[in-house]
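Data from work-v3.cif: mmCIF, N, CA and C atoms, pLDDT in the B column; chains and numbers go by the auth columns
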```cif
data_input
#
loop_
_atom_site.group_PDB
_atom_site.id
_atom_site.type_symbol
_atom_site.label_atom_id
_atom_site.label_comp_id
_atom_site.label_asym_id
_atom_site.label_seq_id
_atom_site.Cartn_x
_atom_site.Cartn_y
_atom_site.Cartn_z
_atom_site.B_iso_or_equiv
_atom_site.auth_seq_id
_atom_site.auth_asym_id
ATOM 1 N N MET A 1 9.059 -9.752 -6.807 59.00 1258 N
ATOM 2 C CA MET A 1 8.714 -9.454 -5.440 59.00 1258 N
ATOM 3 C C MET A 1 8.241 -10.742 -4.775 59.00 1258 N
ATOM 4 N N PHE A 2 8.828 -11.033 -3.642 71.00 1259 N
ATOM 5 C CA PHE A 2 8.449 -12.212 -2.881 71.00 1259 N
ATOM 6 C C PHE A 2 8.134 -11.792 -1.447 71.00 1259 N
ATOM 7 N N PHE A 3 7.058 -12.337 -0.910 79.00 1260 N
ATOM 8 C CA PHE A 3 6.715 -12.009 0.468 79.00 1260 N
ATOM 9 C C PHE A 3 7.787 -12.493 1.436 79.00 1260 N
ATOM 10 N N SER A 4 8.562 -13.508 1.041 83.00 1261 N
ATOM 11 C CA SER A 4 9.635 -13.990 1.902 83.00 1261 N
ATOM 12 C C SER A 4 10.697 -12.906 2.110 83.00 1261 N
ATOM 13 N N ASP A 5 10.780 -11.930 1.201 82.00 1262 N
ATOM 14 C CA ASP A 5 11.727 -10.814 1.360 82.00 1262 N
ATOM 15 C C ASP A 5 11.378 -9.947 2.565 82.00 1262 N
ATOM 16 N N LEU A 6 10.161 -10.074 3.068 84.00 1263 N
ATOM 17 C CA LEU A 6 9.700 -9.228 4.165 84.00 1263 N
ATOM 18 C C LEU A 6 9.949 -9.834 5.542 84.00 1263 N
ATOM 19 N N ILE A 7 10.404 -11.076 5.579 87.00 1264 N
ATOM 20 C CA ILE A 7 10.674 -11.714 6.869 87.00 1264 N
ATOM 21 C C ILE A 7 11.743 -10.920 7.605 87.00 1264 N
ATOM 22 N N ASN A 8 11.467 -10.616 8.850 89.00 1265 N
ATOM 23 C CA ASN A 8 12.337 -9.844 9.743 89.00 1265 N
ATOM 24 C C ASN A 8 12.463 -8.374 9.363 89.00 1265 N
ATOM 25 N N LYS A 9 11.631 -7.891 8.437 90.00 1266 N
ATOM 26 C CA LYS A 9 11.610 -6.453 8.121 90.00 1266 N
ATOM 27 C C LYS A 9 10.608 -5.779 9.053 90.00 1266 N
ATOM 28 N N GLU A 10 10.991 -4.629 9.575 92.00 1267 N
ATOM 29 C CA GLU A 10 10.142 -3.897 10.504 92.00 1267 N
ATOM 30 C C GLU A 10 9.080 -3.104 9.742 92.00 1267 N
ATOM 31 N N LEU A 11 7.820 -3.267 10.140 93.00 1268 N
ATOM 32 C CA LEU A 11 6.726 -2.494 9.555 93.00 1268 N
ATOM 33 C C LEU A 11 6.755 -1.098 10.163 93.00 1268 N
ATOM 34 N N LEU A 12 6.957 -0.088 9.316 95.00 1269 N
ATOM 35 C CA LEU A 12 7.032 1.295 9.798 95.00 1269 N
ATOM 36 C C LEU A 12 5.698 2.014 9.719 95.00 1269 N
ATOM 37 N N SER A 13 4.890 1.665 8.716 96.00 1270 N
ATOM 38 C CA SER A 13 3.577 2.304 8.623 96.00 1270 N
ATOM 39 C C SER A 13 2.608 1.445 7.814 96.00 1270 N
ATOM 40 N N LEU A 14 1.343 1.698 8.067 97.00 1271 N
ATOM 41 C CA LEU A 14 0.251 1.041 7.357 97.00 1271 N
ATOM 42 C C LEU A 14 -0.778 2.112 7.037 97.00 1271 N
ATOM 43 N N SER A 15 -1.179 2.177 5.767 97.00 1272 N
ATOM 44 C CA SER A 15 -2.186 3.145 5.343 97.00 1272 N
ATOM 45 C C SER A 15 -3.291 2.435 4.579 97.00 1272 N
ATOM 46 N N ALA A 16 -4.505 2.955 4.732 98.00 1273 N
ATOM 47 C CA ALA A 16 -5.617 2.499 3.911 98.00 1273 N
ATOM 48 C C ALA A 16 -5.528 3.246 2.582 98.00 1273 N
ATOM 49 N N ILE A 17 -5.797 2.550 1.492 98.00 1274 N
ATOM 50 C CA ILE A 17 -5.799 3.170 0.164 98.00 1274 N
ATOM 51 C C ILE A 17 -7.257 3.476 -0.165 98.00 1274 N
ATOM 52 N N TYR A 18 -7.562 4.763 -0.254 98.00 1275 N
ATOM 53 C CA TYR A 18 -8.928 5.221 -0.476 98.00 1275 N
ATOM 54 C C TYR A 18 -9.114 5.640 -1.923 98.00 1275 N
ATOM 55 N N SER A 19 -10.192 5.161 -2.545 97.00 1276 N
ATOM 56 C CA SER A 19 -10.536 5.535 -3.915 97.00 1276 N
ATOM 57 C C SER A 19 -11.717 6.492 -3.875 97.00 1276 N
ATOM 58 N N LYS A 20 -11.493 7.720 -4.357 97.00 1277 N
ATOM 59 C CA LYS A 20 -12.611 8.664 -4.448 97.00 1277 N
ATOM 60 C C LYS A 20 -13.596 8.200 -5.516 97.00 1277 N
ATOM 61 N N THR A 21 -13.121 7.511 -6.542 95.00 1278 N
ATOM 62 C CA THR A 21 -13.988 6.983 -7.599 95.00 1278 N
ATOM 63 C C THR A 21 -14.959 5.953 -7.025 95.00 1278 N
ATOM 64 N N GLU A 22 -14.446 5.034 -6.211 94.00 1279 N
ATOM 65 C CA GLU A 22 -15.269 3.987 -5.605 94.00 1279 N
ATOM 66 C C GLU A 22 -15.924 4.438 -4.302 94.00 1279 N
ATOM 67 N N GLU A 23 -15.479 5.585 -3.793 96.00 1280 N
ATOM 68 C CA GLU A 23 -15.962 6.123 -2.516 96.00 1280 N
ATOM 69 C C GLU A 23 -15.777 5.120 -1.376 96.00 1280 N
ATOM 70 N N GLY A 24 -14.582 4.525 -1.338 97.00 1281 N
ATOM 71 C CA GLY A 24 -14.299 3.582 -0.275 97.00 1281 N
ATOM 72 C C GLY A 24 -12.852 3.127 -0.299 97.00 1281 N
ATOM 73 N N VAL A 25 -12.501 2.365 0.713 97.00 1282 N
ATOM 74 C CA VAL A 25 -11.154 1.814 0.825 97.00 1282 N
ATOM 75 C C VAL A 25 -11.042 0.633 -0.124 97.00 1282 N
ATOM 76 N N ILE A 26 -9.994 0.647 -0.948 97.00 1283 N
ATOM 77 C CA ILE A 26 -9.798 -0.435 -1.926 97.00 1283 N
ATOM 78 C C ILE A 26 -8.539 -1.246 -1.647 97.00 1283 N
ATOM 79 N N GLY A 27 -7.796 -0.883 -0.591 98.00 1284 N
ATOM 80 C CA GLY A 27 -6.590 -1.648 -0.313 98.00 1284 N
ATOM 81 C C GLY A 27 -5.821 -1.140 0.878 98.00 1284 N
ATOM 82 N N LEU A 28 -4.637 -1.723 1.041 98.00 1285 N
ATOM 83 C CA LEU A 28 -3.734 -1.361 2.132 98.00 1285 N
ATOM 84 C C LEU A 28 -2.337 -1.137 1.582 98.00 1285 N
ATOM 85 N N ALA A 29 -1.649 -0.152 2.146 97.00 1286 N
ATOM 86 C CA ALA A 29 -0.266 0.145 1.781 97.00 1286 N
ATOM 87 C C ALA A 29 0.609 -0.087 3.007 97.00 1286 N
ATOM 88 N N PHE A 30 1.547 -1.002 2.881 96.00 1287 N
ATOM 89 C CA PHE A 30 2.482 -1.325 3.951 96.00 1287 N
ATOM 90 C C PHE A 30 3.831 -0.716 3.596 96.00 1287 N
ATOM 91 N N TYR A 31 4.523 -0.138 4.597 95.00 1288 N
ATOM 92 C CA TYR A 31 5.868 0.388 4.365 95.00 1288 N
ATOM 93 C C TYR A 31 6.820 -0.283 5.346 95.00 1288 N
ATOM 94 N N PHE A 32 7.794 -1.024 4.798 94.00 1289 N
ATOM 95 C CA PHE A 32 8.733 -1.789 5.608 94.00 1289 N
ATOM 96 C C PHE A 32 10.124 -1.156 5.582 94.00 1289 N
ATOM 97 N N ASN A 33 10.779 -1.128 6.736 92.00 1290 N
ATOM 98 C CA ASN A 33 12.148 -0.650 6.849 92.00 1290 N
ATOM 99 C C ASN A 33 13.060 -1.562 6.032 92.00 1290 N
ATOM 100 N N GLY A 34 13.901 -0.988 5.203 88.00 1291 N
ATOM 101 C CA GLY A 34 14.840 -1.774 4.421 88.00 1291 N
ATOM 102 C C GLY A 34 14.241 -2.451 3.207 88.00 1291 N
ATOM 103 N N TYR A 35 12.972 -2.155 2.901 90.00 1292 N
ATOM 104 C CA TYR A 35 12.343 -2.770 1.727 90.00 1292 N
ATOM 105 C C TYR A 35 11.531 -1.768 0.919 90.00 1292 N
ATOM 106 N N GLY A 36 10.744 -0.966 1.597 91.00 1293 N
ATOM 107 C CA GLY A 36 9.876 -0.014 0.908 91.00 1293 N
ATOM 108 C C GLY A 36 8.421 -0.433 0.977 91.00 1293 N
ATOM 109 N N ASN A 37 7.674 -0.068 -0.048 93.00 1294 N
ATOM 110 C CA ASN A 37 6.225 -0.258 -0.063 93.00 1294 N
ATOM 111 C C ASN A 37 5.795 -1.598 -0.637 93.00 1294 N
ATOM 112 N N ILE A 38 4.679 -2.085 -0.091 95.00 1295 N
ATOM 113 C CA ILE A 38 3.897 -3.162 -0.675 95.00 1295 N
ATOM 114 C C ILE A 38 2.453 -2.667 -0.628 95.00 1295 N
ATOM 115 N N ASN A 39 1.800 -2.626 -1.777 97.00 1296 N
ATOM 116 C CA ASN A 39 0.425 -2.156 -1.870 97.00 1296 N
ATOM 117 C C ASN A 39 -0.458 -3.300 -2.346 97.00 1296 N
ATOM 118 N N ILE A 40 -1.503 -3.598 -1.577 97.00 1297 N
ATOM 119 C CA ILE A 40 -2.446 -4.650 -1.941 97.00 1297 N
ATOM 120 C C ILE A 40 -3.776 -3.958 -2.224 97.00 1297 N
ATOM 121 N N ILE A 41 -4.251 -4.113 -3.469 97.00 1298 N
ATOM 122 C CA ILE A 41 -5.435 -3.384 -3.917 97.00 1298 N
ATOM 123 C C ILE A 41 -6.457 -4.350 -4.520 97.00 1298 N
ATOM 124 N N ASN A 42 -7.730 -4.150 -4.164 97.00 1299 N
ATOM 125 C CA ASN A 42 -8.833 -4.892 -4.754 97.00 1299 N
ATOM 126 C C ASN A 42 -9.458 -4.010 -5.827 97.00 1299 N
ATOM 127 N N LEU A 43 -9.279 -4.397 -7.090 93.00 1300 N
ATOM 128 C CA LEU A 43 -9.877 -3.673 -8.218 93.00 1300 N
ATOM 129 C C LEU A 43 -10.856 -4.608 -8.915 93.00 1300 N
ATOM 130 N N GLY A 44 -12.131 -4.276 -8.813 89.00 1301 N
ATOM 131 C CA GLY A 44 -13.151 -5.160 -9.387 89.00 1301 N
ATOM 132 C C GLY A 44 -13.158 -6.482 -8.659 89.00 1301 N
ATOM 133 N N ASP A 45 -12.929 -7.563 -9.400 93.00 1302 N
ATOM 134 C CA ASP A 45 -12.894 -8.880 -8.765 93.00 1302 N
ATOM 135 C C ASP A 45 -11.473 -9.432 -8.697 93.00 1302 N
ATOM 136 N N GLU A 46 -10.479 -8.536 -8.799 95.00 1303 N
ATOM 137 C CA GLU A 46 -9.077 -8.952 -8.755 95.00 1303 N
ATOM 138 C C GLU A 46 -8.358 -8.301 -7.577 95.00 1303 N
ATOM 139 N N ILE A 47 -7.462 -9.072 -6.978 96.00 1304 N
ATOM 140 C CA ILE A 47 -6.571 -8.529 -5.955 96.00 1304 N
ATOM 141 C C ILE A 47 -5.202 -8.399 -6.593 96.00 1304 N
ATOM 142 N N ASN A 48 -4.650 -7.176 -6.532 96.00 1305 N
ATOM 143 C CA ASN A 48 -3.355 -6.877 -7.146 96.00 1305 N
ATOM 144 C C ASN A 48 -2.358 -6.467 -6.075 96.00 1305 N
ATOM 145 N N VAL A 49 -1.101 -6.869 -6.263 95.00 1306 N
ATOM 146 C CA VAL A 49 -0.022 -6.504 -5.351 95.00 1306 N
ATOM 147 C C VAL A 49 1.004 -5.711 -6.155 95.00 1306 N
ATOM 148 N N TYR A 50 1.324 -4.509 -5.672 95.00 1307 N
ATOM 149 C CA TYR A 50 2.270 -3.624 -6.348 95.00 1307 N
ATOM 150 C C TYR A 50 3.317 -3.121 -5.372 95.00 1307 N
ATOM 151 N N LYS A 51 4.525 -2.970 -5.850 93.00 1308 N
ATOM 152 C CA LYS A 51 5.537 -2.244 -5.086 93.00 1308 N
ATOM 153 C C LYS A 51 5.265 -0.747 -5.259 93.00 1308 N
ATOM 154 N N HIS A 52 4.911 -0.356 -6.470 94.00 1309 N
ATOM 155 C CA HIS A 52 4.514 1.026 -6.788 94.00 1309 N
ATOM 156 C C HIS A 52 3.204 0.951 -7.557 94.00 1309 N
ATOM 157 N N ILE A 53 2.193 1.655 -7.085 96.00 1310 N
ATOM 158 C CA ILE A 53 0.902 1.651 -7.769 96.00 1310 N
ATOM 159 C C ILE A 53 1.054 2.386 -9.102 96.00 1310 N
ATOM 160 N N PRO A 54 0.663 1.765 -10.215 96.00 1311 N
ATOM 161 C CA PRO A 54 0.784 2.422 -11.514 96.00 1311 N
ATOM 162 C C PRO A 54 0.035 3.761 -11.553 96.00 1311 N
ATOM 163 N N GLU A 55 0.621 4.731 -12.247 96.00 1312 N
ATOM 164 C CA GLU A 55 0.036 6.071 -12.313 96.00 1312 N
ATOM 165 C C GLU A 55 -1.369 6.073 -12.889 96.00 1312 N
ATOM 166 N N ASP A 56 -1.628 5.215 -13.885 96.00 1313 N
ATOM 167 C CA ASP A 56 -2.971 5.204 -14.477 96.00 1313 N
ATOM 168 C C ASP A 56 -4.019 4.773 -13.457 96.00 1313 N
ATOM 169 N N ILE A 57 -3.675 3.823 -12.584 96.00 1314 N
ATOM 170 C CA ILE A 57 -4.605 3.401 -11.537 96.00 1314 N
ATOM 171 C C ILE A 57 -4.773 4.520 -10.509 96.00 1314 N
ATOM 172 N N GLN A 58 -3.674 5.167 -10.133 96.00 1315 N
ATOM 173 C CA GLN A 58 -3.767 6.281 -9.187 96.00 1315 N
ATOM 174 C C GLN A 58 -4.703 7.363 -9.716 96.00 1315 N
ATOM 175 N N HIS A 59 -4.565 7.657 -10.995 96.00 1316 N
ATOM 176 C CA HIS A 59 -5.387 8.705 -11.608 96.00 1316 N
ATOM 177 C C HIS A 59 -6.847 8.259 -11.749 96.00 1316 N
ATOM 178 N N GLU A 60 -7.078 7.065 -12.308 96.00 1317 N
ATOM 179 C CA GLU A 60 -8.441 6.570 -12.531 96.00 1317 N
ATOM 180 C C GLU A 60 -9.227 6.430 -11.233 96.00 1317 N
ATOM 181 N N GLU A 61 -8.560 5.971 -10.191 96.00 1318 N
ATOM 182 C CA GLU A 61 -9.230 5.747 -8.908 96.00 1318 N
ATOM 183 C C GLU A 61 -9.198 6.979 -8.001 96.00 1318 N
ATOM 184 N N ASP A 62 -8.441 8.005 -8.389 97.00 1319 N
ATOM 185 C CA ASP A 62 -8.272 9.222 -7.578 97.00 1319 N
ATOM 186 C C ASP A 62 -7.913 8.828 -6.141 97.00 1319 N
ATOM 187 N N ILE A 63 -6.769 8.144 -6.035 97.00 1320 N
ATOM 188 C CA ILE A 63 -6.323 7.515 -4.791 97.00 1320 N
ATOM 189 C C ILE A 63 -5.742 8.527 -3.799 97.00 1320 N
ATOM 190 N N SER A 64 -6.069 8.309 -2.545 97.00 1321 N
ATOM 191 C CA SER A 64 -5.410 9.004 -1.440 97.00 1321 N
ATOM 192 C C SER A 64 -5.111 7.955 -0.368 97.00 1321 N
ATOM 193 N N PHE A 65 -4.204 8.303 0.523 97.00 1322 N
ATOM 194 C CA PHE A 65 -3.764 7.380 1.566 97.00 1322 N
ATOM 195 C C PHE A 65 -4.195 7.906 2.927 97.00 1322 N
ATOM 196 N N ILE A 66 -4.751 7.022 3.738 97.00 1323 N
ATOM 197 C CA ILE A 66 -5.184 7.366 5.094 97.00 1323 N
ATOM 198 C C ILE A 66 -4.309 6.581 6.061 97.00 1323 N
ATOM 199 N N GLU A 67 -3.444 7.289 6.783 95.00 1324 N
ATOM 200 C CA GLU A 67 -2.526 6.608 7.698 95.00 1324 N
ATOM 201 C C GLU A 67 -3.305 5.946 8.827 95.00 1324 N
ATOM 202 N N VAL A 68 -3.014 4.662 9.021 95.00 1325 N
ATOM 203 C CA VAL A 68 -3.658 3.879 10.078 95.00 1325 N
ATOM 204 C C VAL A 68 -2.724 3.746 11.269 95.00 1325 N
ATOM 205 N N ILE A 69 -1.485 3.337 10.992 89.00 1326 N
ATOM 206 C CA ILE A 69 -0.466 3.261 12.044 89.00 1326 N
ATOM 207 C C ILE A 69 0.854 3.749 11.491 89.00 1326 N
ATOM 208 N N ALA A 70 1.646 4.315 12.361 87.00 1327 N
ATOM 209 C CA ALA A 70 3.003 4.734 11.986 87.00 1327 N
ATOM 210 C C ALA A 70 3.873 4.574 13.218 87.00 1327 N
ATOM 211 N N LYS A 71 5.030 4.006 13.011 83.00 1328 N
ATOM 212 C CA LYS A 71 5.961 3.838 14.122 83.00 1328 N
ATOM 213 C C LYS A 71 6.453 5.202 14.566 83.00 1328 N
ATOM 214 N N GLN A 72 6.396 5.436 15.846 77.00 1329 N
ATOM 215 C CA GLN A 72 6.870 6.699 16.419 77.00 1329 N
ATOM 216 C C GLN A 72 8.370 6.640 16.615 77.00 1329 N
ATOM 217 N N ASN A 73 9.044 7.759 16.351 68.00 1330 N
ATOM 218 C CA ASN A 73 10.489 7.820 16.612 68.00 1330 N
ATOM 219 C C ASN A 73 10.731 7.721 18.101 68.00 1330 N
ATOM 220 N N GLU A 74 11.696 6.886 18.456 62.00 1331 N
ATOM 221 C CA GLU A 74 12.028 6.729 19.875 62.00 1331 N
ATOM 222 C C GLU A 74 13.053 7.797 20.262 62.00 1331 N
ATOM 223 N N SER A 75 12.754 8.523 21.339 54.00 1332 N
ATOM 224 C CA SER A 75 13.652 9.592 21.804 54.00 1332 N
ATOM 225 C C SER A 75 14.378 9.183 23.046 54.00 1332 N
#
```
Can I see the file as structure tokens?
Amino acid sequence: MFFSDLINKELLSLSAIYSKTEEGVIGLAFYFNGYGNINIINLGDEINVYKHIPEDIQHEEDISFIEVIAKQNES
């Protein structure tokens, strides 16, 4: 995964990644047209970047997503 792959890709949505375990936002989930997801998560003292968040992390952190922005369909 390279961030250069995202050049000229349209951002369709942005969500906050909420951890019920930590009782707070631990990251951001970006969804790009023609690419998919990029998830940036702060776990402890590490920042991790995932295309797909591993299931064990989803389970351990009891993750939910809070939509911040979403592109509206143009009519």
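Distances here use only N, CA and C atoms; by that measure, the residue among N:Ile1283, N:Leu1263, N:Ile1314, N:Ile1320 closest to Leu1300 in chain N is N:Ile1283.
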Original post:
Any chance you could work out the residue set of the PyMOL selection byres ((chain N and resi 1323) around 7) here, as a list in words?
Top reply: Leu1271, Ser1272, Ala1273, Ile1274, Tyr1275, Ser1321, Phe1322, Glu1324, Val1325 and Ile1326 of chain N
Subject >> strand (DSSP E or B) call set, DSSP backbone run, chain N, as a PyMOL selection string >> reply: chain N and resi 1268-1276+1281-1289+1293-1300+1303-1307+1320-1327
**OP:** Within 8 Å of Glu1267 in chain N, counting only N, CA and C atoms, which residues show up once you throw out same-chain ones fewer than 5 positions away? Write them as a PyMOL selection string, please.
**Re:** chain N and resi 1288-1292
Subject >> Target residues per the PyMOL selection byres (((chain N and resi 1328 and name CA) around 7) and name CA), formatted as a PyMOL selection string >> reply: chain N and resi 1269-1270+1326-1327+1329-1330
Sel. within 6 Å of pt (-13.3, 6.2, -7.5), counting all atoms listed in the file, output as a PDB file with N, CA and C atoms, in the coordinates of the input:
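Result written to point_36.pdb:
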```
ATOM      1  N   SER N1276     -10.192   5.161  -2.545  1.00 97.00           N
ATOM      2  CA  SER N1276     -10.536   5.535  -3.915  1.00 97.00           C
ATOM      3  C   SER N1276     -11.717   6.492  -3.875  1.00 97.00           C
ATOM      4  N   LYS N1277     -11.493   7.720  -4.357  1.00 97.00           N
ATOM      5  CA  LYS N1277     -12.611   8.664  -4.448  1.00 97.00           C
ATOM      6  C   LYS N1277     -13.596   8.200  -5.516  1.00 97.00           C
ATOM      7  N   THR N1278     -13.121   7.511  -6.542  1.00 95.00           N
ATOM      8  CA  THR N1278     -13.988   6.983  -7.599  1.00 95.00           C
ATOM      9  C   THR N1278     -14.959   5.953  -7.025  1.00 95.00           C
ATOM     10  N   GLU N1279     -14.446   5.034  -6.211  1.00 94.00           N
ATOM     11  CA  GLU N1279     -15.269   3.987  -5.605  1.00 94.00           C
ATOM     12  C   GLU N1279     -15.924   4.438  -4.302  1.00 94.00           C
ATOM     13  N   GLU N1280     -15.479   5.585  -3.793  1.00 96.00           N
ATOM     14  CA  GLU N1280     -15.962   6.123  -2.516  1.00 96.00           C
ATOM     15  C   GLU N1280     -15.777   5.120  -1.376  1.00 96.00           C
ATOM     16  N   GLU N1317      -7.078   7.065 -12.308  1.00 96.00           N
ATOM     17  CA  GLU N1317      -8.441   6.570 -12.531  1.00 96.00           C
ATOM     18  C   GLU N1317      -9.227   6.430 -11.233  1.00 96.00           C
ATOM     19  N   GLU N1318      -8.560   5.971 -10.191  1.00 96.00           N
ATOM     20  CA  GLU N1318      -9.230   5.747  -8.908  1.00 96.00           C
ATOM     21  C   GLU N1318      -9.198   6.979  -8.001  1.00 96.00           C
ATOM     22  N   ASP N1319      -8.441   8.005  -8.389  1.00 97.00           N
ATOM     23  CA  ASP N1319      -8.272   9.222  -7.578  1.00 97.00           C
ATOM     24  C   ASP N1319      -7.913   8.828  -6.141  1.00 97.00           C
TER      25      ASP N1319
END
```
Original post:
If you measure from CA of Gly1301 in chain N to CA of Ser1261 in chain N, what distance in Å do you get, rounded to one decimal?
Top reply: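 Atom-to-atom, CA of Gly1301 in chain N and CA of Ser1261 in chain N are spaced 26.9 Å apart.
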**OP:** Apply the PyMOL selection byres ((chain N and resi 1308) around 5) to the structure shown and report the selected residues as a count of residues only.
**Re:** 7
Completed range 1278-1286 of chain N (all heavy atoms) as a PDB file, in the frame of the given file:
```pdb
ATOM      1  N   THR N1278     -13.121   7.511  -6.542  1.00 95.00           N
ATOM      2  CA  THR N1278     -13.988   6.983  -7.599  1.00 95.00           C
ATOM      3  C   THR N1278     -14.959   5.953  -7.025  1.00 95.00           C
ATOM      4  O   THR N1278     -16.157   5.985  -7.315  1.00 95.00           O
ATOM      5  CB  THR N1278     -13.145   6.340  -8.719  1.00 95.00           C
ATOM      6  OG1 THR N1278     -12.244   7.317  -9.225  1.00 95.00           O
ATOM      7  CG2 THR N1278     -14.005   5.809  -9.835  1.00 95.00           C
ATOM      8  N   GLU N1279     -14.446   5.034  -6.211  1.00 94.00           N
ATOM      9  CA  GLU N1279     -15.269   3.987  -5.605  1.00 94.00           C
ATOM     10  C   GLU N1279     -15.924   4.438  -4.302  1.00 94.00           C
ATOM     11  O   GLU N1279     -16.773   3.729  -3.758  1.00 94.00           O
ATOM     12  CB  GLU N1279     -14.428   2.735  -5.340  1.00 94.00           C
ATOM     13  CG  GLU N1279     -13.863   2.087  -6.585  1.00 94.00           C
ATOM     14  CD  GLU N1279     -14.934   1.527  -7.492  1.00 94.00           C
ATOM     15  OE1 GLU N1279     -15.961   1.030  -6.989  1.00 94.00           O
ATOM     16  OE2 GLU N1279     -14.746   1.591  -8.720  1.00 94.00           O
ATOM     17  N   GLU N1280     -15.479   5.585  -3.793  1.00 96.00           N
ATOM     18  CA  GLU N1280     -15.962   6.123  -2.516  1.00 96.00           C
ATOM     19  C   GLU N1280     -15.777   5.120  -1.376  1.00 96.00           C
ATOM     20  O   GLU N1280     -16.675   4.876  -0.576  1.00 96.00           O
ATOM     21  CB  GLU N1280     -17.419   6.570  -2.614  1.00 96.00           C
ATOM     22  CG  GLU N1280     -17.622   7.693  -3.600  1.00 96.00           C
ATOM     23  CD  GLU N1280     -19.066   8.172  -3.689  1.00 96.00           C
ATOM     24  OE1 GLU N1280     -19.985   7.465  -3.199  1.00 96.00           O
ATOM     25  OE2 GLU N1280     -19.263   9.252  -4.255  1.00 96.00           O
ATOM     26  N   GLY N1281     -14.582   4.525  -1.338  1.00 97.00           N
ATOM     27  CA  GLY N1281     -14.299   3.582  -0.275  1.00 97.00           C
ATOM     28  C   GLY N1281     -12.852   3.127  -0.299  1.00 97.00           C
ATOM     29  O   GLY N1281     -12.089   3.451  -1.204  1.00 97.00           O
ATOM     30  N   VAL N1282     -12.501   2.365   0.713  1.00 97.00           N
ATOM     31  CA  VAL N1282     -11.154   1.814   0.825  1.00 97.00           C
ATOM     32  C   VAL N1282     -11.042   0.633  -0.124  1.00 97.00           C
ATOM     33  O   VAL N1282     -11.889  -0.268  -0.118  1.00 97.00           O
ATOM     34  CB  VAL N1282     -10.854   1.388   2.281  1.00 97.00           C
ATOM     35  CG1 VAL N1282      -9.532   0.647   2.371  1.00 97.00           C
ATOM     36  CG2 VAL N1282     -10.853   2.608   3.196  1.00 97.00           C
ATOM     37  N   ILE N1283      -9.994   0.647  -0.948  1.00 97.00           N
ATOM     38  CA  ILE N1283      -9.798  -0.435  -1.926  1.00 97.00           C
ATOM     39  C   ILE N1283      -8.539  -1.246  -1.647  1.00 97.00           C
ATOM     40  O   ILE N1283      -8.228  -2.173  -2.387  1.00 97.00           O
ATOM     41  CB  ILE N1283      -9.762   0.101  -3.368  1.00 97.00           C
ATOM     42  CG1 ILE N1283      -8.606   1.084  -3.578  1.00 97.00           C
ATOM     43  CG2 ILE N1283     -11.112   0.703  -3.748  1.00 97.00           C
ATOM     44  CD1 ILE N1283      -8.346   1.432  -5.033  1.00 97.00           C
ATOM     45  N   GLY N1284      -7.796  -0.883  -0.591  1.00 98.00           N
ATOM     46  CA  GLY N1284      -6.590  -1.648  -0.313  1.00 98.00           C
ATOM     47  C   GLY N1284      -5.821  -1.140   0.878  1.00 98.00           C
ATOM     48  O   GLY N1284      -6.264  -0.243   1.599  1.00 98.00           O
ATOM     49  N   LEU N1285      -4.637  -1.723   1.041  1.00 98.00           N
ATOM     50  CA  LEU N1285      -3.734  -1.361   2.132  1.00 98.00           C
ATOM     51  C   LEU N1285      -2.337  -1.137   1.582  1.00 98.00           C
ATOM     52  O   LEU N1285      -1.896  -1.857   0.679  1.00 98.00           O
ATOM     53  CB  LEU N1285      -3.692  -2.468   3.184  1.00 98.00           C
ATOM     54  CG  LEU N1285      -4.994  -2.737   3.933  1.00 98.00           C
ATOM     55  CD1 LEU N1285      -4.874  -4.000   4.776  1.00 98.00           C
ATOM     56  CD2 LEU N1285      -5.360  -1.542   4.805  1.00 98.00           C
ATOM     57  N   ALA N1286      -1.649  -0.152   2.146  1.00 97.00           N
ATOM     58  CA  ALA N1286      -0.266   0.145   1.781  1.00 97.00           C
ATOM     59  C   ALA N1286       0.609  -0.087   3.007  1.00 97.00           C
ATOM     60  O   ALA N1286       0.411   0.537   4.045  1.00 97.00           O
ATOM     61  CB  ALA N1286      -0.137   1.588   1.303  1.00 97.00           C
TER      62      ALA N1286
END
```
